[in-house]
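S.K.: One structure is given below, represented as structure tokens, and several questions about it will come after.
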Amino acid sequence: MTHSVPDHQDLEVIVQHSGDGLLVVDEDGLIRFLNPAAAAFLGKPAADLIGRPFDHPHRPGPPVEIAIVRGNGKSGVGELRAVDIPWQGKAARLVSIGDISERALFDRLQDDFISNVSHELRTPLTAIREAVSLMRDGILGSVTDEQVKFLNMCIRNADHLRRIVDTILDISKIEAGRIRMTKKNSSLPEIVQAVVEAFQPVAARKGLSLSLNPGADSLQVFADRDRITQVLNNLIGNAIKFTSSGAITVSVEASDGRAVCSVSDPGRGIAEEDLPKVFGKFQQFGAPADPSNKGTGLGLAISREIVRLRAGDMSVRSVLGQGSTFSFTLPVYRPELEVHNHIAARMADSKHPFLLFCVHLNDPAPLVQAAGPEWLDKLTHRIHRTLEPGFRSVSALRLEPDRIFLTLEAPQAGGMPARRLLLRGVKETFFNMGVDDETDFSYGIAAYPRDGETPEALAEACAAGLVRERTERLDQTILIVDDEKALTEATQMLLEMFGYRHIQVAHSGMDAFEVLKRAIPGLIILDMKMPGMSGHEVIGRLKESHETKDIPILIMSGFEVEIGRFLEYINRKAILTINKPAEPEILRKMVYYLI
Ligand code: ADP
């Protein structure tokens with residue numbers, strides 16, 4: 001048998017008939033190639049997908065799960081992997097999608113099974129325990145001492161089983177990522193202090209001393225107080241359980257930008273060969289410290305899982321016969337962590353693409369003056385309300401002192417129109433808050449998943465692209481199209497007075513399109529009544545082309561148009577009308593709003 005290298009045609013056959021979906025996505029996130037399996041998984045004909053954005057995360061790295069369409073038209077789960085490749089001389093990504101619906105279903109059934117079984121076990125267990133304790137307490141008739149002994153044993157074991165069931169339920173929820181922790185800025189020394197105080201009587205009963213050694217008075221962490229308490233209960237509880245004499249110390253300190261909490265005991269310690277297993281499930285070493293309370297061997301597994309979910313970790317040092325130190329770390333609170341948390345929740349809620357939009361006030365003084373001390377809350381609320389109709393699921397997070405983050409599900413994620421809508425929405429809010437002057441702000445925008453698949457990367461992309469709105473706006477070109485020379489001159493002068501540096505003039509519709517061939521302006525100020533090509537025709541032609549259809553237009557009309565109040569003009573339309581000759585103040589606002 002001869003083995004030959006497959007030629008181009010062979011490779012083509014392989015790609016076309018592969019059961020796995022294969023796509024090539026270019027640097028701009030657009031699909032350049034896909035095989036039939038990929039088109040089927042995405043549920044659209046190939047022709048509708050080529051040249052379109054690929055809306056799933058596709059960074060090289062661990063595989064991600066995405067929703068796919070299966071052969072029977074039903075939805076399923078795909079596993080997506082991406083690698084960097086060269087494609088026609090440029091950098092691109094090869095994306096492969098495999099159908100893992102069966103495996104995903106199995107995983108879910110297994111999780112559901114564990115949690116259902118645990119729930120099913122709890123109810124009868126509670127009934128058994130209560131019945132037995134009624135008997136033991138003599139409520140149902142007299143019982144002998146011998147019988148009480150056995151009934152107590154039943155109760156102890158029922159309690160033990162109940163603890164196991166509760167813990168399994170807890171761990172299966174944590175593993176399935178189904179617990180939402182309410183992360184807050186909390187003081188770690190305070191949490192630790194409370195737990196240590198609660199355990200003091202327990203330690204005292206065993207003749208042990210238990211003390212807290214806070215290295216830092218205030219060490220703010222970003223965590224869920226109840227869950228951290230659960231971790232401490234476990235570590236301090238174990239320390240007391242496995243120590244027969246001496247002093248247990250708990251310490252809290254900051255190290256390398258993280259908070260570190262350690263629980264040290266001079267107890268029986270753990271053998272070196274057992275240490276690697278200590279955070280595993282159902283692991284217990286040596287004889288039980290308290291034969292009446294065997295423990296579950298799950299406490300440490302859960303505790304480590306909890307701190308890992310908080311972006312921390314847990315470690316152990318121990319010498320058999322000498323004692324152990326369990327330590328865990330947590331990230332120290334920084335405002336960014338709240339943003340990351342917010343974004344992470346948004347990512348978890350929906351796998352749909354969304355925009356992260358950040359508004360940063362460069363000079364909040366006018367807003368504070370107009371809206372009072374609650375200005376930032378009010379502003380956040382208003383921006384949120386203004387944008388909601390235009391975008392799906394807007395959620396807002398305000399961050400002291402002067403930054404607002406929004407996540408928005410956008411129809412055309414990341415494109416120019418979305419950006420313009422956002423800017424207009426924000427400016428509209430400023431006007432509505434009674435700030436007549438142009439508000440000086442910067443903004444950043446990033447698209448999920450294109451600009452980052454982790455909250456950190458997305459927030460970073462947003463911050464890296466922070467644009468000072470005023471500078472950017474004044475740098476934009478404004479094209480004035482009007483056949484009356486005196487009027488173009490007057491308008492140009494006004495715009496220059498407002499600070500706009502790049503003004504171009506065209507004296508006819510035809511001229512305007514000559515100018516447009518060279519560069520796309522940020523705004524067109526257009527006269528309607530012109531000889532040759534009329535303003536209407538100009539608009540028609542602008543709307544026809546992909547490149548020019550989104551340019552905002554300010555119509556200058558010689559006819560009396562109803563201006564009314566300025567605010568009525570502040571809507572999402574990219575075409576506004578203004579009377580001619582323009583009143584300087586109105587022109588300034590219109591241009592500020594439109595660009
Ligand atoms: P449990 O305490 O319910 O058995 P854990 O997961 O909390 O479950 O602990 C697992 C095992 O690790 C314990 O059974 C014990 O053998 C060992 N261990 C935990 N903490 C200590 C400690 N402070 N000193 C000695 N051994 C410990």
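Residue names in the structure tokens use chain letters A, B, ... in the order shown, residue numbers from 1 in each chain, and ligand numbers from 1 in the order shown.
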Can you tell me which residues come within 9 Å of ligand 1 when counting only C-alpha atoms and all ligand atoms, ideally as a ChimeraX atom specification?

M.R.: /A:164,234-243,263-271,274-275,277-289,293-303,318,320-321,323-326

S.K.: Among stretch 310-528 of chain A, which residues carry a DSSP assignment of helix (DSSP H, G or I), reported as an MDAnalysis selection string?

M.R.: chainID A and resid 335:349 365:371 375:387 416:432 455:464 469:475 485:498 509:518

S.K.: List every residue of stretch 342-536 of chain A that DSSP, applied to the backbone of this structure, assigns to strand (DSSP E), and report them as an NGL selection string.

M.R.: :A and (354-361 or 392-399 or 403-409 or 441-448 or 467-468 or 477-481 or 502-506 or 523-527)

S.K.: Between A:Val435, A:Val221, A:Ile97, A:Ala464, single out the one closest to A:Lys589, counting only C-alpha atoms.

M.R.: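 Looking at the shortest contact to A:Lys589, the residue is A:Val435.
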
S.K.: So which one's closest to A:Glu253, A:Ile171, A:Met433, A:Ala446, A:Ala216? Using only C-alpha atoms, please.

M.R.: A:Ala216
